[in-house]
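> This is the content of protein_22.pdb (PDB, C-alpha atoms, pLDDT in the B column):
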```
ATOM      1  CA  MET A   1      92.105 110.598 134.838  1.00 38.00           C
ATOM      2  CA  GLN A   2      90.141 113.839 134.794  1.00 45.00           C
ATOM      3  CA  THR A   3      87.230 114.154 137.206  1.00 42.00           C
ATOM      4  CA  HIS A   4      84.087 115.933 136.102  1.00 47.00           C
ATOM      5  CA  PRO A   5      81.479 117.961 137.992  1.00 45.00           C
ATOM      6  CA  ASP A   6      78.830 115.704 136.458  1.00 45.00           C
ATOM      7  CA  SER A   7      78.386 112.261 137.927  1.00 43.00           C
ATOM      8  CA  GLU A   8      78.181 110.993 134.349  1.00 68.00           C
ATOM      9  CA  ARG A   9      81.001 110.757 131.845  1.00 89.00           C
ATOM     10  CA  ARG A  10      81.132 113.585 129.332  1.00 97.00           C
ATOM     11  CA  VAL A  11      80.575 112.798 125.670  1.00 98.00           C
ATOM     12  CA  ALA A  12      83.141 114.142 123.217  1.00 98.00           C
ATOM     13  CA  LEU A  13      82.584 114.047 119.463  1.00 98.00           C
ATOM     14  CA  VAL A  14      85.561 114.397 117.123  1.00 98.00           C
ATOM     15  CA  THR A  15      84.861 114.803 113.416  1.00 98.00           C
ATOM     16  CA  GLY A  16      87.610 113.484 111.175  1.00 98.00           C
ATOM     17  CA  GLY A  17      88.639 111.473 114.216  1.00 98.00           C
ATOM     18  CA  ALA A  18      90.082 108.431 112.482  1.00 97.00           C
ATOM     19  CA  LYS A  19      93.354 109.923 111.265  1.00 95.00           C
ATOM     20  CA  GLY A  20      95.830 112.748 111.720  1.00 94.00           C
ATOM     21  CA  ILE A  21      95.128 115.445 114.292  1.00 97.00           C
ATOM     22  CA  GLY A  22      91.653 114.058 114.958  1.00 97.00           C
ATOM     23  CA  ALA A  23      92.985 110.634 115.917  1.00 97.00           C
ATOM     24  CA  THR A  24      95.450 112.083 118.417  1.00 98.00           C
ATOM     25  CA  VAL A  25      92.720 114.285 119.885  1.00 98.00           C
ATOM     26  CA  CYS A  26      90.594 111.153 120.333  1.00 98.00           C
ATOM     27  CA  GLU A  27      93.458 109.439 122.158  1.00 98.00           C
ATOM     28  CA  ARG A  28      93.906 112.371 124.526  1.00 98.00           C
ATOM     29  CA  LEU A  29      90.167 112.718 125.209  1.00 98.00           C
ATOM     30  CA  ALA A  30      89.876 109.005 125.948  1.00 98.00           C
ATOM     31  CA  ALA A  31      92.878 109.161 128.281  1.00 97.00           C
ATOM     32  CA  ALA A  32      91.140 112.009 130.138  1.00 97.00           C
ATOM     33  CA  GLY A  33      88.152 109.754 130.806  1.00 97.00           C
ATOM     34  CA  HIS A  34      85.667 111.059 128.283  1.00 98.00           C
ATOM     35  CA  GLN A  35      83.279 108.973 126.188  1.00 98.00           C
ATOM     36  CA  VAL A  36      84.810 109.528 122.758  1.00 98.00           C
ATOM     37  CA  LEU A  37      82.801 109.372 119.546  1.00 98.00           C
ATOM     38  CA  VAL A  38      85.152 108.864 116.611  1.00 98.00           C
ATOM     39  CA  ALA A  39      83.258 110.272 113.622  1.00 98.00           C
ATOM     40  CA  ASP A  40      84.677 109.906 110.141  1.00 98.00           C
ATOM     41  CA  LEU A  41      83.807 109.382 106.505  1.00 97.00           C
ATOM     42  CA  ASP A  42      86.151 106.374 106.584  1.00 97.00           C
ATOM     43  CA  VAL A  43      84.007 104.124 108.757  1.00 97.00           C
ATOM     44  CA  ALA A  44      86.507 101.245 108.849  1.00 98.00           C
ATOM     45  CA  ALA A  45      89.253 103.561 110.082  1.00 98.00           C
ATOM     46  CA  ALA A  46      86.896 105.042 112.682  1.00 98.00           C
ATOM     47  CA  GLU A  47      85.997 101.550 113.908  1.00 98.00           C
ATOM     48  CA  ALA A  48      89.670 100.629 114.135  1.00 98.00           C
ATOM     49  CA  MET A  49      90.428 103.789 116.086  1.00 98.00           C
ATOM     50  CA  ALA A  50      87.560 103.255 118.521  1.00 98.00           C
ATOM     51  CA  SER A  51      88.664  99.645 119.007  1.00 98.00           C
ATOM     52  CA  ARG A  52      92.224 100.747 119.852  1.00 98.00           C
ATOM     53  CA  LEU A  53      90.898 103.220 122.396  1.00 98.00           C
ATOM     54  CA  ARG A  54      88.767 100.549 124.065  1.00 98.00           C
ATOM     55  CA  GLU A  55      91.712  98.133 124.162  1.00 98.00           C
ATOM     56  CA  THR A  56      93.671 100.670 126.212  1.00 96.00           C
ATOM     57  CA  GLY A  57      90.830 101.174 128.678  1.00 97.00           C
ATOM     58  CA  GLY A  58      89.056 104.055 127.004  1.00 97.00           C
ATOM     59  CA  HIS A  59      85.371 104.505 126.292  1.00 98.00           C
ATOM     60  CA  ALA A  60      84.874 104.950 122.559  1.00 98.00           C
ATOM     61  CA  ALA A  61      82.448 104.334 119.716  1.00 98.00           C
ATOM     62  CA  ALA A  62      82.703 104.892 115.973  1.00 98.00           C
ATOM     63  CA  LEU A  63      80.223 106.889 113.906  1.00 98.00           C
ATOM     64  CA  ALA A  64      79.863 107.231 110.139  1.00 98.00           C
ATOM     65  CA  LEU A  65      79.835 110.939 109.317  1.00 98.00           C
ATOM     66  CA  ASP A  66      80.169 112.904 106.097  1.00 98.00           C
ATOM     67  CA  VAL A  67      80.354 116.550 107.177  1.00 98.00           C
ATOM     68  CA  GLY A  68      79.794 117.585 103.563  1.00 97.00           C
ATOM     69  CA  GLN A  69      76.253 116.188 103.708  1.00 98.00           C
ATOM     70  CA  PRO A  70      73.694 117.906 105.981  1.00 98.00           C
ATOM     71  CA  GLU A  71      71.607 114.715 106.052  1.00 98.00           C
ATOM     72  CA  SER A  72      74.577 112.741 107.385  1.00 98.00           C
ATOM     73  CA  ILE A  73      75.157 115.316 110.120  1.00 98.00           C
ATOM     74  CA  ALA A  74      71.485 115.207 111.110  1.00 98.00           C
ATOM     75  CA  ARG A  75      71.515 111.385 111.277  1.00 98.00           C
ATOM     76  CA  THR A  76      74.679 111.354 113.356  1.00 98.00           C
ATOM     77  CA  PHE A  77      73.288 113.743 115.944  1.00 98.00           C
ATOM     78  CA  GLU A  78      70.000 111.851 116.100  1.00 98.00           C
ATOM     79  CA  HIS A  79      72.115 108.771 116.889  1.00 97.00           C
ATOM     80  CA  ILE A  80      74.078 110.668 119.546  1.00 98.00           C
ATOM     81  CA  GLU A  81      70.945 111.995 121.222  1.00 98.00           C
ATOM     82  CA  ARG A  82      69.273 108.583 121.143  1.00 97.00           C
ATOM     83  CA  ASP A  83      72.216 106.495 122.354  1.00 97.00           C
ATOM     84  CA  PHE A  84      74.147 108.933 124.554  1.00 97.00           C
ATOM     85  CA  GLY A  85      71.636 111.651 125.436  1.00 96.00           C
ATOM     86  CA  ARG A  86      74.230 114.396 125.406  1.00 97.00           C
ATOM     87  CA  CYS A  87      77.154 116.004 123.629  1.00 98.00           C
ATOM     88  CA  ASP A  88      79.467 118.016 125.855  1.00 98.00           C
ATOM     89  CA  ILE A  89      82.556 118.480 123.691  1.00 98.00           C
ATOM     90  CA  LEU A  90      82.818 118.922 119.928  1.00 98.00           C
ATOM     91  CA  VAL A  91      86.129 119.045 118.087  1.00 98.00           C
ATOM     92  CA  ASN A  92      85.716 119.810 114.386  1.00 98.00           C
ATOM     93  CA  CYS A  93      88.755 118.231 112.715  1.00 98.00           C
ATOM     94  CA  ALA A  94      87.244 117.046 109.431  1.00 97.00           C
ATOM     95  CA  GLY A  95      88.472 118.978 106.427  1.00 96.00           C
ATOM     96  CA  ILE A  96      89.666 118.751 102.848  1.00 95.00           C
ATOM     97  CA  ALA A  97      92.301 120.568 100.821  1.00 93.00           C
ATOM     98  CA  LYS A  98      93.589 120.691  97.260  1.00 93.00           C
ATOM     99  CA  VAL A  99      95.918 123.180  95.615  1.00 92.00           C
ATOM    100  CA  PHE A 100      95.496 124.914  92.261  1.00 95.00           C
ATOM    101  CA  PRO A 101      96.864 128.195  90.862  1.00 95.00           C
ATOM    102  CA  PHE A 102      94.558 131.121  91.648  1.00 96.00           C
ATOM    103  CA  LEU A 103      93.934 132.010  87.996  1.00 97.00           C
ATOM    104  CA  ASP A 104      92.826 128.464  87.245  1.00 96.00           C
ATOM    105  CA  PHE A 105      91.190 127.564  90.546  1.00 96.00           C
ATOM    106  CA  PRO A 106      88.210 125.300  89.746  1.00 97.00           C
ATOM    107  CA  LEU A 107      84.872 126.497  91.054  1.00 98.00           C
ATOM    108  CA  ASP A 108      83.715 122.994  91.946  1.00 97.00           C
ATOM    109  CA  ASN A 109      86.659 122.497  94.305  1.00 97.00           C
ATOM    110  CA  PHE A 110      86.170 125.917  95.897  1.00 97.00           C
ATOM    111  CA  ILE A 111      82.511 125.115  96.579  1.00 98.00           C
ATOM    112  CA  ALA A 112      83.323 121.619  97.879  1.00 98.00           C
ATOM    113  CA  THR A 113      86.026 122.936 100.209  1.00 98.00           C
ATOM    114  CA  MET A 114      83.780 125.625 101.649  1.00 98.00           C
ATOM    115  CA  ASN A 115      80.983 123.093 102.037  1.00 98.00           C
ATOM    116  CA  VAL A 116      83.070 120.647 104.064  1.00 98.00           C
ATOM    117  CA  ASN A 117      85.351 123.003 105.969  1.00 98.00           C
ATOM    118  CA  VAL A 118      82.887 125.813 106.742  1.00 98.00           C
ATOM    119  CA  THR A 119      79.311 124.638 106.312  1.00 98.00           C
ATOM    120  CA  GLY A 120      80.092 121.261 107.862  1.00 98.00           C
ATOM    121  CA  THR A 121      81.684 122.988 110.845  1.00 98.00           C
ATOM    122  CA  LEU A 122      78.648 125.248 111.202  1.00 98.00           C
ATOM    123  CA  LEU A 123      76.102 122.433 111.085  1.00 98.00           C
ATOM    124  CA  CYS A 124      78.009 120.176 113.490  1.00 98.00           C
ATOM    125  CA  ALA A 125      78.438 123.059 115.928  1.00 98.00           C
ATOM    126  CA  GLN A 126      74.760 123.982 115.723  1.00 98.00           C
ATOM    127  CA  ALA A 127      73.646 120.417 116.380  1.00 98.00           C
ATOM    128  CA  ALA A 128      76.130 119.928 119.226  1.00 98.00           C
ATOM    129  CA  ALA A 129      75.263 123.257 120.835  1.00 98.00           C
ATOM    130  CA  ARG A 130      71.567 122.371 120.873  1.00 98.00           C
ATOM    131  CA  LEU A 131      72.478 119.420 123.100  1.00 98.00           C
ATOM    132  CA  MET A 132      74.954 121.427 125.175  1.00 98.00           C
ATOM    133  CA  VAL A 133      72.454 124.155 126.120  1.00 98.00           C
ATOM    134  CA  ARG A 134      70.413 121.594 128.047  1.00 97.00           C
ATOM    135  CA  ARG A 135      73.244 121.219 130.577  1.00 97.00           C
ATOM    136  CA  ARG A 136      74.500 124.788 130.293  1.00 97.00           C
ATOM    137  CA  TRP A 137      78.027 123.551 129.652  1.00 98.00           C
ATOM    138  CA  GLY A 138      79.878 122.887 126.428  1.00 98.00           C
ATOM    139  CA  ARG A 139      83.186 123.139 124.643  1.00 98.00           C
ATOM    140  CA  ILE A 140      83.516 123.599 120.882  1.00 98.00           C
ATOM    141  CA  VAL A 141      86.952 123.621 119.263  1.00 98.00           C
ATOM    142  CA  ASN A 142      87.348 124.144 115.530  1.00 98.00           C
ATOM    143  CA  ILE A 143      90.590 123.164 113.831  1.00 98.00           C
ATOM    144  CA  ALA A 144      91.496 126.088 111.592  1.00 98.00           C
ATOM    145  CA  SER A 145      94.972 126.801 110.184  1.00 97.00           C
ATOM    146  CA  VAL A 146      97.625 129.481 109.972  1.00 96.00           C
ATOM    147  CA  ALA A 147      96.470 129.583 106.323  1.00 95.00           C
ATOM    148  CA  GLY A 148      93.316 131.245 107.655  1.00 96.00           C
ATOM    149  CA  LEU A 149      95.385 134.034 109.193  1.00 96.00           C
ATOM    150  CA  ARG A 150      98.106 134.473 106.593  1.00 94.00           C
ATOM    151  CA  ALA A 151      98.529 133.315 102.993  1.00 91.00           C
ATOM    152  CA  VAL A 152     100.753 130.244 102.947  1.00 87.00           C
ATOM    153  CA  GLY A 153     102.341 129.713  99.565  1.00 78.00           C
ATOM    154  CA  SER A 154     100.399 129.374  96.338  1.00 85.00           C
ATOM    155  CA  GLY A 155      97.376 127.273  95.506  1.00 87.00           C
ATOM    156  CA  ARG A 156      95.412 127.614  98.738  1.00 92.00           C
ATOM    157  CA  THR A 157      92.612 129.858  97.499  1.00 96.00           C
ATOM    158  CA  ALA A 158      89.885 127.573  98.841  1.00 96.00           C
ATOM    159  CA  TYR A 159      91.659 126.131 101.859  1.00 96.00           C
ATOM    160  CA  GLY A 160      92.935 129.449 103.217  1.00 97.00           C
ATOM    161  CA  THR A 161      89.606 131.159 102.612  1.00 97.00           C
ATOM    162  CA  SER A 162      87.727 128.332 104.319  1.00 98.00           C
ATOM    163  CA  LYS A 163      89.953 128.432 107.389  1.00 98.00           C
ATOM    164  CA  GLY A 164      89.636 132.206 107.617  1.00 98.00           C
ATOM    165  CA  ALA A 165      85.877 131.700 107.563  1.00 98.00           C
ATOM    166  CA  VAL A 166      86.123 129.055 110.295  1.00 98.00           C
ATOM    167  CA  ILE A 167      87.936 131.552 112.518  1.00 98.00           C
ATOM    168  CA  ALA A 168      85.257 134.213 111.910  1.00 98.00           C
ATOM    169  CA  LEU A 169      82.537 131.622 112.531  1.00 98.00           C
ATOM    170  CA  THR A 170      84.204 130.628 115.800  1.00 98.00           C
ATOM    171  CA  ARG A 171      84.095 134.221 117.041  1.00 98.00           C
ATOM    172  CA  GLN A 172      80.396 134.499 116.210  1.00 98.00           C
ATOM    173  CA  MET A 173      79.643 131.232 117.954  1.00 98.00           C
ATOM    174  CA  ALA A 174      81.555 132.362 121.042  1.00 98.00           C
ATOM    175  CA  VAL A 175      79.493 135.549 121.301  1.00 98.00           C
ATOM    176  CA  GLU A 176      76.114 133.876 120.867  1.00 98.00           C
ATOM    177  CA  LEU A 177      76.737 130.760 122.943  1.00 98.00           C
ATOM    178  CA  ALA A 178      78.380 132.400 125.968  1.00 98.00           C
ATOM    179  CA  GLU A 179      75.057 132.910 127.752  1.00 98.00           C
ATOM    180  CA  HIS A 180      74.496 129.147 127.579  1.00 98.00           C
ATOM    181  CA  GLY A 181      77.764 128.229 129.301  1.00 98.00           C
ATOM    182  CA  ILE A 182      79.376 127.142 126.030  1.00 98.00           C
ATOM    183  CA  THR A 183      82.800 128.263 124.838  1.00 98.00           C
ATOM    184  CA  ALA A 184      83.922 128.206 121.210  1.00 98.00           C
ATOM    185  CA  ASN A 185      87.545 128.468 120.166  1.00 98.00           C
ATOM    186  CA  ALA A 186      89.754 127.644 117.206  1.00 98.00           C
ATOM    187  CA  VAL A 187      93.215 126.137 117.021  1.00 98.00           C
ATOM    188  CA  ALA A 188      95.288 127.330 114.066  1.00 98.00           C
ATOM    189  CA  PRO A 189      98.028 124.767 113.432  1.00 97.00           C
ATOM    190  CA  GLY A 190     101.089 125.473 111.389  1.00 94.00           C
ATOM    191  CA  PRO A 191     102.300 122.615 109.193  1.00 90.00           C
ATOM    192  CA  VAL A 192     101.840 119.261 110.885  1.00 91.00           C
ATOM    193  CA  ASP A 193     102.875 115.806 109.772  1.00 85.00           C
ATOM    194  CA  THR A 194      99.544 114.209 108.832  1.00 80.00           C
ATOM    195  CA  PRO A 195      98.258 112.108 105.920  1.00 78.00           C
ATOM    196  CA  MET A 196      96.883 115.322 104.365  1.00 76.00           C
ATOM    197  CA  THR A 197     100.176 117.232 104.417  1.00 78.00           C
ATOM    198  CA  GLN A 198     102.101 114.171 103.298  1.00 77.00           C
ATOM    199  CA  ALA A 199      99.873 114.079 100.206  1.00 76.00           C
ATOM    200  CA  LEU A 200      99.891 117.837  99.548  1.00 75.00           C
ATOM    201  CA  HIS A 201     103.403 118.982 100.458  1.00 79.00           C
ATOM    202  CA  THR A 202     106.277 118.217  98.142  1.00 81.00           C
ATOM    203  CA  GLU A 203     109.726 117.772  99.633  1.00 84.00           C
ATOM    204  CA  GLN A 204     110.753 121.176  98.295  1.00 84.00           C
ATOM    205  CA  PHE A 205     107.681 122.794  99.840  1.00 83.00           C
ATOM    206  CA  ARG A 206     108.435 121.129 103.200  1.00 84.00           C
ATOM    207  CA  GLN A 207     111.978 122.455 103.172  1.00 87.00           C
ATOM    208  CA  GLU A 208     110.929 125.993 102.287  1.00 86.00           C
ATOM    209  CA  TYR A 209     108.065 126.007 104.797  1.00 87.00           C
ATOM    210  CA  SER A 210     110.354 124.765 107.574  1.00 87.00           C
ATOM    211  CA  LYS A 211     112.781 127.614 106.833  1.00 89.00           C
ATOM    212  CA  ALA A 212     109.954 130.103 107.492  1.00 90.00           C
ATOM    213  CA  ILE A 213     109.337 128.625 110.964  1.00 92.00           C
ATOM    214  CA  PRO A 214     111.625 129.742 113.799  1.00 93.00           C
ATOM    215  CA  MET A 215     111.615 126.190 115.195  1.00 94.00           C
ATOM    216  CA  ASN A 216     112.652 124.927 111.742  1.00 92.00           C
ATOM    217  CA  ARG A 217     110.305 121.943 111.723  1.00 91.00           C
ATOM    218  CA  TYR A 218     106.778 120.730 111.228  1.00 92.00           C
ATOM    219  CA  GLY A 219     104.643 120.223 114.308  1.00 94.00           C
ATOM    220  CA  THR A 220     103.262 116.960 115.604  1.00 95.00           C
ATOM    221  CA  THR A 221      99.656 115.946 116.060  1.00 96.00           C
ATOM    222  CA  ALA A 222     100.359 115.623 119.798  1.00 97.00           C
ATOM    223  CA  GLU A 223     101.336 119.305 119.965  1.00 98.00           C
ATOM    224  CA  ILE A 224      98.041 120.318 118.364  1.00 98.00           C
ATOM    225  CA  ALA A 225      96.045 117.944 120.557  1.00 98.00           C
ATOM    226  CA  ALA A 226      97.611 119.477 123.669  1.00 98.00           C
ATOM    227  CA  ALA A 227      96.166 122.870 122.720  1.00 98.00           C
ATOM    228  CA  VAL A 228      92.767 121.295 122.088  1.00 98.00           C
ATOM    229  CA  MET A 229      92.826 119.631 125.496  1.00 98.00           C
ATOM    230  CA  TYR A 230      93.376 122.967 127.218  1.00 98.00           C
ATOM    231  CA  LEU A 231      90.465 124.546 125.357  1.00 98.00           C
ATOM    232  CA  VAL A 232      88.045 121.732 126.275  1.00 98.00           C
ATOM    233  CA  SER A 233      89.106 121.723 129.920  1.00 97.00           C
ATOM    234  CA  GLU A 234      87.583 123.345 132.992  1.00 96.00           C
ATOM    235  CA  ASP A 235      90.665 125.563 133.125  1.00 97.00           C
ATOM    236  CA  ALA A 236      89.554 127.262 129.887  1.00 98.00           C
ATOM    237  CA  SER A 237      86.202 128.368 131.294  1.00 97.00           C
ATOM    238  CA  TYR A 238      86.993 132.065 130.613  1.00 98.00           C
ATOM    239  CA  THR A 239      88.610 131.493 127.219  1.00 98.00           C
ATOM    240  CA  SER A 240      86.288 131.908 124.269  1.00 98.00           C
ATOM    241  CA  GLY A 241      86.400 133.308 120.753  1.00 98.00           C
ATOM    242  CA  ILE A 242      90.143 132.939 120.228  1.00 98.00           C
ATOM    243  CA  ALA A 243      92.167 131.483 117.371  1.00 98.00           C
ATOM    244  CA  LEU A 244      95.207 129.921 119.025  1.00 98.00           C
ATOM    245  CA  PRO A 245      98.183 129.486 116.689  1.00 98.00           C
ATOM    246  CA  VAL A 246     100.282 126.383 117.328  1.00 98.00           C
ATOM    247  CA  ASP A 247     102.870 126.991 114.676  1.00 96.00           C
ATOM    248  CA  GLY A 248     106.429 127.014 115.970  1.00 95.00           C
ATOM    249  CA  GLY A 249     106.504 130.816 115.718  1.00 95.00           C
ATOM    250  CA  PHE A 250     105.537 130.973 112.033  1.00 94.00           C
ATOM    251  CA  LEU A 251     103.031 133.818 112.393  1.00 95.00           C
ATOM    252  CA  ALA A 252     105.441 135.790 114.562  1.00 94.00           C
ATOM    253  CA  ALA A 253     108.272 135.574 112.051  1.00 92.00           C
ATOM    254  CA  GLY A 254     109.053 138.148 109.412  1.00 75.00           C
ATOM    255  CA  ALA A 255     112.212 138.056 107.312  1.00 66.00           C
ATOM    256  CA  ARG A 256     114.412 135.343 108.759  1.00 71.00           C
ATOM    257  CA  GLY A 257     118.136 134.858 108.382  1.00 63.00           C
ATOM    258  CA  LEU A 258     118.945 138.584 108.291  1.00 55.00           C
TER     259      LEU A 258
END
```
For this file, write the structure as structure tokens.


Amino acid sequence: MQTHPDSERRVALVTGGAKGIGATVCERLAAAGHQVLVADLDVAAAEAMASRLRETGGHAAALALDVGQPESIARTFEHIERDFGRCDILVNCAGIAKVFPFLDFPLDNFIATMNVNVTGTLLCAQAAARLMVRRRWGRIVNIASVAGLRAVGSGRTAYGTSKGAVIALTRQMAVELAEHGITANAVAPGPVDTPMTQALHTEQFRQEYSKAIPMNRYGTTAEIAAAVMYLVSEDASYTSGIALPVDGGFLAAGARGL
């Protein structure tokens, strides 16, 4: 179990923490001895996740959070300040994605995707950082995507744009929060087996995507969580403003099979 400079246990908030990458991040944070706040729109799933963490000896609580609603974010952080008095680690995992052809991409989905993936990330980071500055220590990790660094197939006009914006936002946060002892970084996963990709990726898409990855496979949530755990650790005290690809070599690859 990780030991902390503080005599008190650090509080780690994970948005979208009930499923997929967020759930595995919660497991790893709990195993490291942090107080984990599992925040999700699906309250029942968040409660179930927090219960599983407590059953295995972790310290966890569930929070209802809709990152697409500023009022929900404000209520959640009021709850955190009242009941826990601090927020030391924030991992922004919550996100949405749908695919449509560019020429027919619906404006309402573009706006909704930017609202959840970008504005929600901004507001959660602002609220968390306001608590972090009090202790002059904080770690913010935003889950971006390789789609924010390179176009990935068709249909991702909103998703790719939103993740590119998250990466730019992360850099800005890193610059402005450094003086307060807070780091801000992004993890850019390649394709990962999660409920979201299982819903979005057809079998043909999976096969073609895997061919573009030197490791010839999708990643696991554990592989993404491992990168997150480095970035929230004491060892990452001089690492800030980066977008770390965890993608099996996808971004490094050009024409394969030649």

> Could you state the separation of atom CA of A:Pro70 and atom CA of A:Leu244 in Å, given to one decimal place?

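These two atoms are separated by 27.9 Å.
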
> Using the chain letters and residue numbers of this document, give as a PDB file with C-alpha atoms, in the frame of the given file the residues selected by the PyMOL selection byres ((chain A and resi 180) around 10).


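Written file, part11.pdb:
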```
ATOM      1  CA  ALA A 129      75.263 123.257 120.835  1.00 98.00           C
ATOM      2  CA  ARG A 130      71.567 122.371 120.873  1.00 98.00           C
ATOM      3  CA  MET A 132      74.954 121.427 125.175  1.00 98.00           C
ATOM      4  CA  VAL A 133      72.454 124.155 126.120  1.00 98.00           C
ATOM      5  CA  ARG A 134      70.413 121.594 128.047  1.00 97.00           C
ATOM      6  CA  ARG A 135      73.244 121.219 130.577  1.00 97.00           C
ATOM      7  CA  ARG A 136      74.500 124.788 130.293  1.00 97.00           C
ATOM      8  CA  TRP A 137      78.027 123.551 129.652  1.00 98.00           C
ATOM      9  CA  GLY A 138      79.878 122.887 126.428  1.00 98.00           C
ATOM     10  CA  GLU A 176      76.114 133.876 120.867  1.00 98.00           C
ATOM     11  CA  LEU A 177      76.737 130.760 122.943  1.00 98.00           C
ATOM     12  CA  ALA A 178      78.380 132.400 125.968  1.00 98.00           C
ATOM     13  CA  GLU A 179      75.057 132.910 127.752  1.00 98.00           C
ATOM     14  CA  GLY A 181      77.764 128.229 129.301  1.00 98.00           C
ATOM     15  CA  ILE A 182      79.376 127.142 126.030  1.00 98.00           C
ATOM     16  CA  THR A 183      82.800 128.263 124.838  1.00 98.00           C
TER      17      THR A 183
END
```

> To verify the selection step, state as a ChimeraX atom specification which residues the PyMOL selection byres ((chain A and resi 154) around 10) yields on this input.

/A:99-102,151-153,155-157

> Report, in Å to a single decimal, how far apart atom CA of A:Ala227 and atom CA of A:Asn115 are.

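Separation of atom CA of A:Asn115 and atom CA of A:Ala227: 25.7 Å.
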
> Could you list, as a ChimeraX atom specification, every residue matched by the PyMOL selection byres ((chain A and resi 192) around 8) in this structure?

/A:189-191,193-194,197,218-221

> Please compute the atom CA of A:Met49-atom CA of A:Thr76 distance, one decimal, in Å.

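Pair atom CA of A:Met49 / atom CA of A:Thr76 returns 17.7 Å.
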
> Using all atoms listed in the file, pick whichever of A:Leu131, A:Cys26, A:Ala147, A:Ala236 has the shortest atom-to-atom distance to A:Gly85.

A:Leu131

> With distances taken over all atoms listed in the file, which of A:Ala60, A:Leu251, A:Val187, A:Ala128 is nearest to A:Gly33?

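For A:Gly33, the nearest of the given residues is A:Ala60.
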
> Kindly output stretch 39-44 of chain A as a compact mmCIF listing (two decimals), in the coordinates of the input, after building all heavy atoms.


```
# COMPACT_ATOMS: atom_id res chain seq x y z
N ALA A 39 84.13 110.10 114.79
CA ALA A 39 83.26 110.27 113.62
C ALA A 39 84.10 110.52 112.38
O ALA A 39 84.96 111.41 112.39
CB ALA A 39 82.30 111.43 113.84
N ASP A 40 83.84 109.76 111.34
CA ASP A 40 84.68 109.91 110.14
C ASP A 40 83.94 109.36 108.92
O ASP A 40 83.08 108.48 109.04
CB ASP A 40 86.00 109.15 110.33
CG ASP A 40 87.13 109.74 109.50
OD1 ASP A 40 87.16 109.50 108.27
OD2 ASP A 40 87.98 110.45 110.07
N LEU A 41 84.33 109.89 107.77
CA LEU A 41 83.81 109.38 106.50
C LEU A 41 84.32 107.98 106.25
O LEU A 41 83.63 107.14 105.66
CB LEU A 41 84.24 110.33 105.38
CG LEU A 41 83.75 110.04 103.96
CD1 LEU A 41 82.24 110.11 103.89
CD2 LEU A 41 84.37 111.05 102.99
N ASP A 42 85.54 107.70 106.70
CA ASP A 42 86.15 106.37 106.58
C ASP A 42 85.71 105.55 107.79
O ASP A 42 86.35 105.57 108.85
CB ASP A 42 87.67 106.51 106.53
CG ASP A 42 88.38 105.18 106.26
OD1 ASP A 42 87.77 104.13 106.50
OD2 ASP A 42 89.55 105.22 105.81
N VAL A 43 84.62 104.83 107.63
CA VAL A 43 84.01 104.12 108.76
C VAL A 43 84.93 103.04 109.30
O VAL A 43 85.05 102.85 110.52
CB VAL A 43 82.65 103.51 108.35
CG1 VAL A 43 81.99 102.85 109.55
CG2 VAL A 43 81.74 104.58 107.77
N ALA A 44 85.61 102.32 108.41
CA ALA A 44 86.51 101.24 108.85
C ALA A 44 87.63 101.81 109.71
O ALA A 44 87.99 101.23 110.74
CB ALA A 44 87.07 100.50 107.64
```
